[in-house]
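Coordinates as given in protein-v2.cif (mmCIF, C-alpha atoms):
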data_work
loop_
_atom_site.group_PDB
_atom_site.id
_atom_site.type_symbol
_atom_site.label_atom_id
_atom_site.label_comp_id
_atom_site.auth_asym_id
_atom_site.auth_seq_id
_atom_site.Cartn_x
_atom_site.Cartn_y
_atom_site.Cartn_z
ATOM 1 C CA MET J 102 214.802 57.931 104.873
ATOM 2 C CA ASN J 103 216.610 57.337 101.618
ATOM 3 C CA THR J 104 219.844 59.112 100.869
ATOM 4 C CA ARG J 105 220.428 57.268 97.565
ATOM 5 C CA TRP J 106 218.212 57.014 94.495
ATOM 6 C CA LYS J 107 219.039 54.744 91.548
ATOM 7 C CA VAL J 108 217.604 55.436 88.100
ATOM 8 C CA PHE J 109 217.271 52.516 85.680
ATOM 9 C CA ARG J 110 216.316 52.124 82.028
ATOM 10 C CA GLY J 111 212.605 51.261 81.701
ATOM 11 C CA ASP J 112 211.125 49.033 84.412
ATOM 12 C CA SER J 113 214.389 47.194 84.999
ATOM 13 C CA THR J 114 216.294 47.027 88.283
ATOM 14 C CA SER J 115 219.206 45.159 86.738
ATOM 15 C CA ARG J 116 222.692 46.578 87.288
ATOM 16 C CA ARG J 117 223.288 46.556 83.519
ATOM 17 C CA ASP J 118 220.321 48.939 83.086
ATOM 18 C CA LEU J 119 221.454 51.418 85.750
ATOM 19 C CA LEU J 120 221.676 54.914 84.247
ATOM 20 C CA PHE J 121 222.756 56.988 87.243
ATOM 21 C CA THR J 122 222.611 57.315 91.019
ATOM 22 C CA VAL J 123 221.687 60.442 92.981
ATOM 23 C CA VAL J 124 223.183 60.676 96.466
ATOM 24 C CA LYS J 125 222.251 63.068 99.249
ATOM 25 C CA PRO J 126 225.353 63.278 101.459
ATOM 26 C CA SER J 127 223.328 63.439 104.662
ATOM 27 C CA VAL J 128 219.890 62.320 105.764
ATOM 28 C CA ILE J 129 219.538 65.729 107.396
ATOM 29 C CA GLN J 130 219.847 68.749 105.145
ATOM 30 C CA LEU J 131 218.669 72.208 105.990
ATOM 31 C CA ARG J 132 215.252 72.832 104.483
ATOM 32 C CA TRP J 133 216.488 75.785 102.433
ATOM 33 C CA SER J 134 219.651 74.092 101.180
ATOM 34 C CA THR J 135 219.905 71.408 98.509
ATOM 35 C CA LYS J 136 223.164 69.646 97.735
ATOM 36 C CA VAL J 137 223.252 66.276 96.007
ATOM 37 C CA SER J 138 225.758 64.380 93.896
ATOM 38 C CA VAL J 139 224.987 62.513 90.678
ATOM 39 C CA PHE J 140 227.082 59.525 89.583
ATOM 40 C CA LEU J 141 226.719 57.992 86.134
ATOM 41 C CA ALA J 142 226.529 54.190 86.023
ATOM 42 C CA SER J 143 230.086 53.973 84.687
ATOM 43 C CA ASN J 144 231.402 55.778 87.804
ATOM 44 C CA ASP J 145 231.510 52.705 90.090
ATOM 45 C CA ALA J 146 233.967 54.168 92.595
ATOM 46 C CA GLU J 147 231.823 57.270 93.253
ATOM 47 C CA GLN J 148 234.935 59.151 94.358
ATOM 48 C CA SER J 149 233.966 62.312 92.512
ATOM 49 C CA PRO J 150 230.490 63.151 91.197
ATOM 50 C CA ASP J 151 229.807 63.444 87.487
ATOM 51 C CA PHE J 152 227.259 66.165 88.250
ATOM 52 C CA ARG J 153 226.249 68.213 91.272
ATOM 53 C CA ILE J 154 222.909 69.801 92.147
ATOM 54 C CA THR J 155 222.964 72.807 94.467
ATOM 55 C CA GLY J 156 220.604 75.566 95.450
ATOM 56 C CA SER J 157 217.346 75.528 97.330
ATOM 57 C CA TYR J 158 214.599 73.150 96.281
ATOM 58 C CA HIS J 159 212.431 74.708 99.004
ATOM 59 C CA ASP J 160 212.808 78.151 97.400
ATOM 60 C CA GLY J 161 212.325 76.590 93.977
ATOM 61 C CA ALA J 162 215.733 77.098 92.345
ATOM 62 C CA CYS J 163 218.496 74.539 91.796
ATOM 63 C CA SER J 164 221.504 74.512 89.504
ATOM 64 C CA VAL J 165 223.082 71.465 87.895
ATOM 65 C CA SER J 166 226.862 71.665 87.524
ATOM 66 C CA LEU J 167 229.374 69.503 85.736
ATOM 67 C CA GLY J 168 231.300 67.474 88.343
ATOM 68 C CA GLU J 169 232.962 69.509 91.071
ATOM 69 C CA SER J 170 233.303 72.523 88.768
ATOM 70 C CA ASP J 171 231.221 75.677 88.667
ATOM 71 C CA THR J 172 230.257 74.952 85.045
ATOM 72 C CA LEU J 173 226.458 75.168 85.013
ATOM 73 C CA ILE J 174 224.721 72.886 82.551
ATOM 74 C CA ALA J 175 221.100 73.397 83.615
ATOM 75 C CA ARG J 176 218.742 75.109 85.998
ATOM 76 C CA ILE J 177 215.624 73.601 87.572
ATOM 77 C CA ASP J 178 213.017 76.029 88.889
ATOM 78 C CA ARG J 179 209.955 74.829 90.772
ATOM 79 C CA ARG J 180 206.919 77.060 90.439
ATOM 80 C CA SER J 181 204.424 77.089 93.280
ATOM 81 C CA THR J 182 200.876 78.273 92.868
ATOM 82 C CA VAL J 183 197.864 78.012 95.121
ATOM 83 C CA VAL J 184 196.333 75.426 92.774
ATOM 84 C CA SER J 185 199.511 73.314 92.669
ATOM 85 C CA ALA J 186 199.731 73.428 96.466
ATOM 86 C CA LEU J 187 196.101 72.347 96.870
ATOM 87 C CA LEU J 188 196.491 69.522 94.351
ATOM 88 C CA GLY J 189 199.893 68.478 95.660
ATOM 89 C CA LYS J 190 201.436 68.840 92.214
ATOM 90 C CA ASN J 191 204.416 70.926 91.189
ATOM 91 C CA ALA J 192 205.192 72.683 87.935
ATOM 92 C CA TYR J 193 208.760 73.116 86.764
ATOM 93 C CA SER J 194 210.702 75.322 84.434
ATOM 94 C CA VAL J 195 213.902 73.713 83.182
ATOM 95 C CA THR J 196 216.654 75.578 81.346
ATOM 96 C CA VAL J 197 219.181 73.274 79.693
ATOM 97 C CA ASN J 198 222.403 74.335 77.992
ATOM 98 C CA PRO J 199 223.016 73.210 74.399
ATOM 99 C CA GLY J 200 224.456 69.709 74.064
ATOM 100 C CA ILE J 201 222.976 68.488 77.352
ATOM 101 C CA ASP J 202 220.410 65.663 77.425
ATOM 102 C CA TYR J 203 217.042 67.235 78.285
ATOM 103 C CA ALA J 204 215.579 63.920 79.455
ATOM 104 C CA PHE J 205 218.462 63.513 81.936
ATOM 105 C CA ILE J 206 217.773 66.936 83.477
ATOM 106 C CA VAL J 207 214.025 66.241 83.699
ATOM 107 C CA ALA J 208 214.815 62.902 85.387
ATOM 108 C CA LEU J 209 216.920 64.817 87.929
ATOM 109 C CA ALA J 210 213.942 67.125 88.595
ATOM 110 C CA VAL J 211 211.753 64.075 89.253
ATOM 111 C CA VAL J 212 214.326 62.633 91.668
ATOM 112 C CA LEU J 213 214.581 65.983 93.505
ATOM 113 C CA ASP J 214 210.805 66.055 93.822
ATOM 114 C CA GLU J 215 210.774 62.508 95.226
ATOM 115 C CA MET J 216 213.583 63.350 97.655
ATOM 116 C CA HIS J 217 211.728 66.274 99.135
ATOM 117 C CA TYR J 218 208.233 64.790 99.224
ATOM 118 C CA GLN J 219 209.047 61.303 100.448
#
Starting from the file, give its structure as structure tokens.
Amino acid sequence: MNTRWKVFRGDSTSRRDLLFTVVKPSVIQLRWSTKVSVFLASNDAEQSPDFRITGSYHDGACSVSLGESDTLIARIDRRSTVVSALLGKNAYSVTVNPGIDYAFIVALAVVLDEMHYQ
């Protein structure tokens, strides 16, 4: 099982096109608890995360915070319906604070989805 996901620009896998890395601190996380760290490409040391995702993906609600702070920059809510469950597809509601890159937050939602359905 993966505990690290790397996101690149386009179809590239070149280090120079790395945008960010999402790291799950443990292969085993409680089903109702989500805690992952996000490191921008410029953060080679990965000593402290640039962003943090916490909450419960299983319950459909995660918050994105700036670094180790409690400053929320976005919220990702997964909506489950009978149709989405039957089709194996999820719908999301994303709330993003002003000045934050919407595409970055949507990319994080995609990575969370991959993490939990891999």
For stretch 105-111 of chain J, please output as a PyMOL selection string all residues within 6 Å (counting all atoms listed in the file; exclusion window: fewer than 6 positions along the same chain).
chain J and resi 118-124
Kindly give the distance, in Å, that separates atom CA of J:Gln148 and atom CA of J:Leu167, rounded to a single decimal.
14.6 Å
Determine the residue membership of the PyMOL selection byres ((chain J and resi 137) around 8) for the file above and supply it as a list in words.
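That selection, the PyMOL selection byres ((chain J and resi 137) around 8), comes back as Val123, Val124, Lys125, Pro126, Thr135, Lys136, Ser138, Val139, Arg153, Ile154 and Thr155 of chain J.
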Write a file of the just-selected residues containing C-alpha atoms, as an mmCIF file, in the frame of the given file.
data_model
loop_
_atom_site.group_PDB
_atom_site.id
_atom_site.type_symbol
_atom_site.label_atom_id
_atom_site.label_comp_id
_atom_site.auth_asym_id
_atom_site.auth_seq_id
_atom_site.Cartn_x
_atom_site.Cartn_y
_atom_site.Cartn_z
ATOM 1 C CA VAL J 123 221.687 60.442 92.981
ATOM 2 C CA VAL J 124 223.183 60.676 96.466
ATOM 3 C CA LYS J 125 222.251 63.068 99.249
ATOM 4 C CA PRO J 126 225.353 63.278 101.459
ATOM 5 C CA THR J 135 219.905 71.408 98.509
ATOM 6 C CA LYS J 136 223.164 69.646 97.735
ATOM 7 C CA SER J 138 225.758 64.380 93.896
ATOM 8 C CA VAL J 139 224.987 62.513 90.678
ATOM 9 C CA ARG J 153 226.249 68.213 91.272
ATOM 10 C CA ILE J 154 222.909 69.801 92.147
ATOM 11 C CA THR J 155 222.964 72.807 94.467
#
Which neighbours of stretch 202-212 of chain J fall inside 8 Å, counting all atoms listed in the file, when residues of the same chain fewer than 4 positions from it are skipped, and could you give them as a list in words?
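Residues near the query, excluding close chain neighbours: Trp106, Val123, Ala175, Ile177, Val195, Val197 and Met216 of chain J.
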Option closest in space to J:Glu147, from J:Gly168, J:Leu213, J:Thr114, J:Pro199 [counting only C-alpha atoms]:
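Closest to J:Glu147 of all the choices is J:Gly168.
Of the listed residues J:Lys190, J:Ser134, J:Ser149, J:Ser181, the one whose atoms come nearest to J:Ser164 is J:Ser134, with distances taken using only C-alpha atoms.
Note on the selection: in this file the PyMOL selection byres ((chain J and resi 158) around 9) comes out as Arg132, Trp133, Ser134, Thr135, Thr155, Gly156, Ser157, His159, Asp160, Gly161, Ala162, Cys163, Ile177, Asp178, Arg179, Leu213, Asp214 and His217 of chain J.
A straight line drawn from atom CA of J:Asn191 to atom CA of J:Phe140 is 25.4 Å long.
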Looking at J:Asn144, J:Asp112, J:Asn198, J:Thr104, which one is nearest to J:Thr172, with distances taken over only C-alpha atoms?
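The answer is J:Asn198, which sits nearest to J:Thr172.
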Which is closer to J:Asp171 than all the others in J:Arg117, J:Phe152, J:Ala142, J:Leu187, using only C-alpha atoms?
J:Phe152
For N, CA and C atoms, please extract stretch 134-157 of chain J from the block and return it as a short mmCIF file (atom, residue, chain, number, x, y, z; two decimals), in the first residue's frame.
data_model
loop_
_atom_site.label_atom_id
_atom_site.label_comp_id
_atom_site.auth_asym_id
_atom_site.auth_seq_id
_atom_site.Cartn_x
_atom_site.Cartn_y
_atom_site.Cartn_z
N SER J 134 -10.61 8.29 10.59
CA SER J 134 -9.67 9.38 10.81
C SER J 134 -8.75 9.56 9.60
N THR J 135 -8.65 10.79 9.13
CA THR J 135 -7.76 11.12 8.02
C THR J 135 -6.75 12.14 8.51
N LYS J 136 -5.47 11.86 8.29
CA LYS J 136 -4.43 12.81 8.62
C LYS J 136 -3.28 12.59 7.63
N VAL J 137 -3.08 13.57 6.76
CA VAL J 137 -2.00 13.49 5.80
C VAL J 137 -1.27 14.83 5.75
N SER J 138 -0.03 14.76 5.31
CA SER J 138 0.81 15.96 5.17
C SER J 138 1.06 16.22 3.70
N VAL J 139 1.13 17.50 3.34
CA VAL J 139 1.38 17.90 1.96
C VAL J 139 2.65 18.74 1.93
N PHE J 140 3.58 18.35 1.07
CA PHE J 140 4.86 19.04 0.93
C PHE J 140 4.99 19.57 -0.49
N LEU J 141 5.18 20.87 -0.62
CA LEU J 141 5.41 21.45 -1.94
C LEU J 141 6.75 20.97 -2.46
N ALA J 142 6.95 21.01 -3.76
CA ALA J 142 8.18 20.51 -4.39
C ALA J 142 9.43 21.20 -3.84
N SER J 143 9.30 22.46 -3.47
CA SER J 143 10.46 23.21 -2.96
C SER J 143 10.85 22.80 -1.54
N ASN J 144 10.01 22.03 -0.87
CA ASN J 144 10.27 21.58 0.50
C ASN J 144 10.94 20.20 0.48
N ASP J 145 12.21 20.17 0.04
CA ASP J 145 12.94 18.91 -0.11
C ASP J 145 13.14 18.15 1.20
N ALA J 146 13.37 18.87 2.28
CA ALA J 146 13.67 18.24 3.56
C ALA J 146 12.44 17.55 4.16
N GLU J 147 11.26 18.03 3.86
CA GLU J 147 10.02 17.48 4.40
C GLU J 147 10.04 17.38 5.93
N GLN J 148 10.65 18.37 6.56
CA GLN J 148 10.69 18.41 8.03
C GLN J 148 9.34 18.85 8.60
N SER J 149 8.72 19.80 7.93
CA SER J 149 7.45 20.34 8.37
C SER J 149 6.56 20.49 7.14
N PRO J 150 5.31 20.04 7.22
CA PRO J 150 4.45 20.10 6.04
C PRO J 150 4.07 21.53 5.67
N ASP J 151 3.86 21.75 4.39
CA ASP J 151 3.37 23.05 3.92
C ASP J 151 1.86 23.15 4.16
N PHE J 152 1.19 22.00 4.09
CA PHE J 152 -0.24 21.92 4.33
C PHE J 152 -0.53 20.62 5.06
N ARG J 153 -1.70 20.56 5.69
CA ARG J 153 -2.10 19.39 6.44
C ARG J 153 -3.59 19.14 6.16
N ILE J 154 -3.94 17.89 5.95
CA ILE J 154 -5.34 17.52 5.74
C ILE J 154 -5.77 16.65 6.91
N THR J 155 -6.83 17.06 7.59
CA THR J 155 -7.34 16.31 8.73
C THR J 155 -8.85 16.20 8.63
N GLY J 156 -9.39 15.27 9.37
CA GLY J 156 -10.83 15.09 9.40
C GLY J 156 -11.18 13.63 9.24
N SER J 157 -12.24 13.37 8.53
CA SER J 157 -12.66 12.00 8.28
C SER J 157 -13.15 11.86 6.85
#
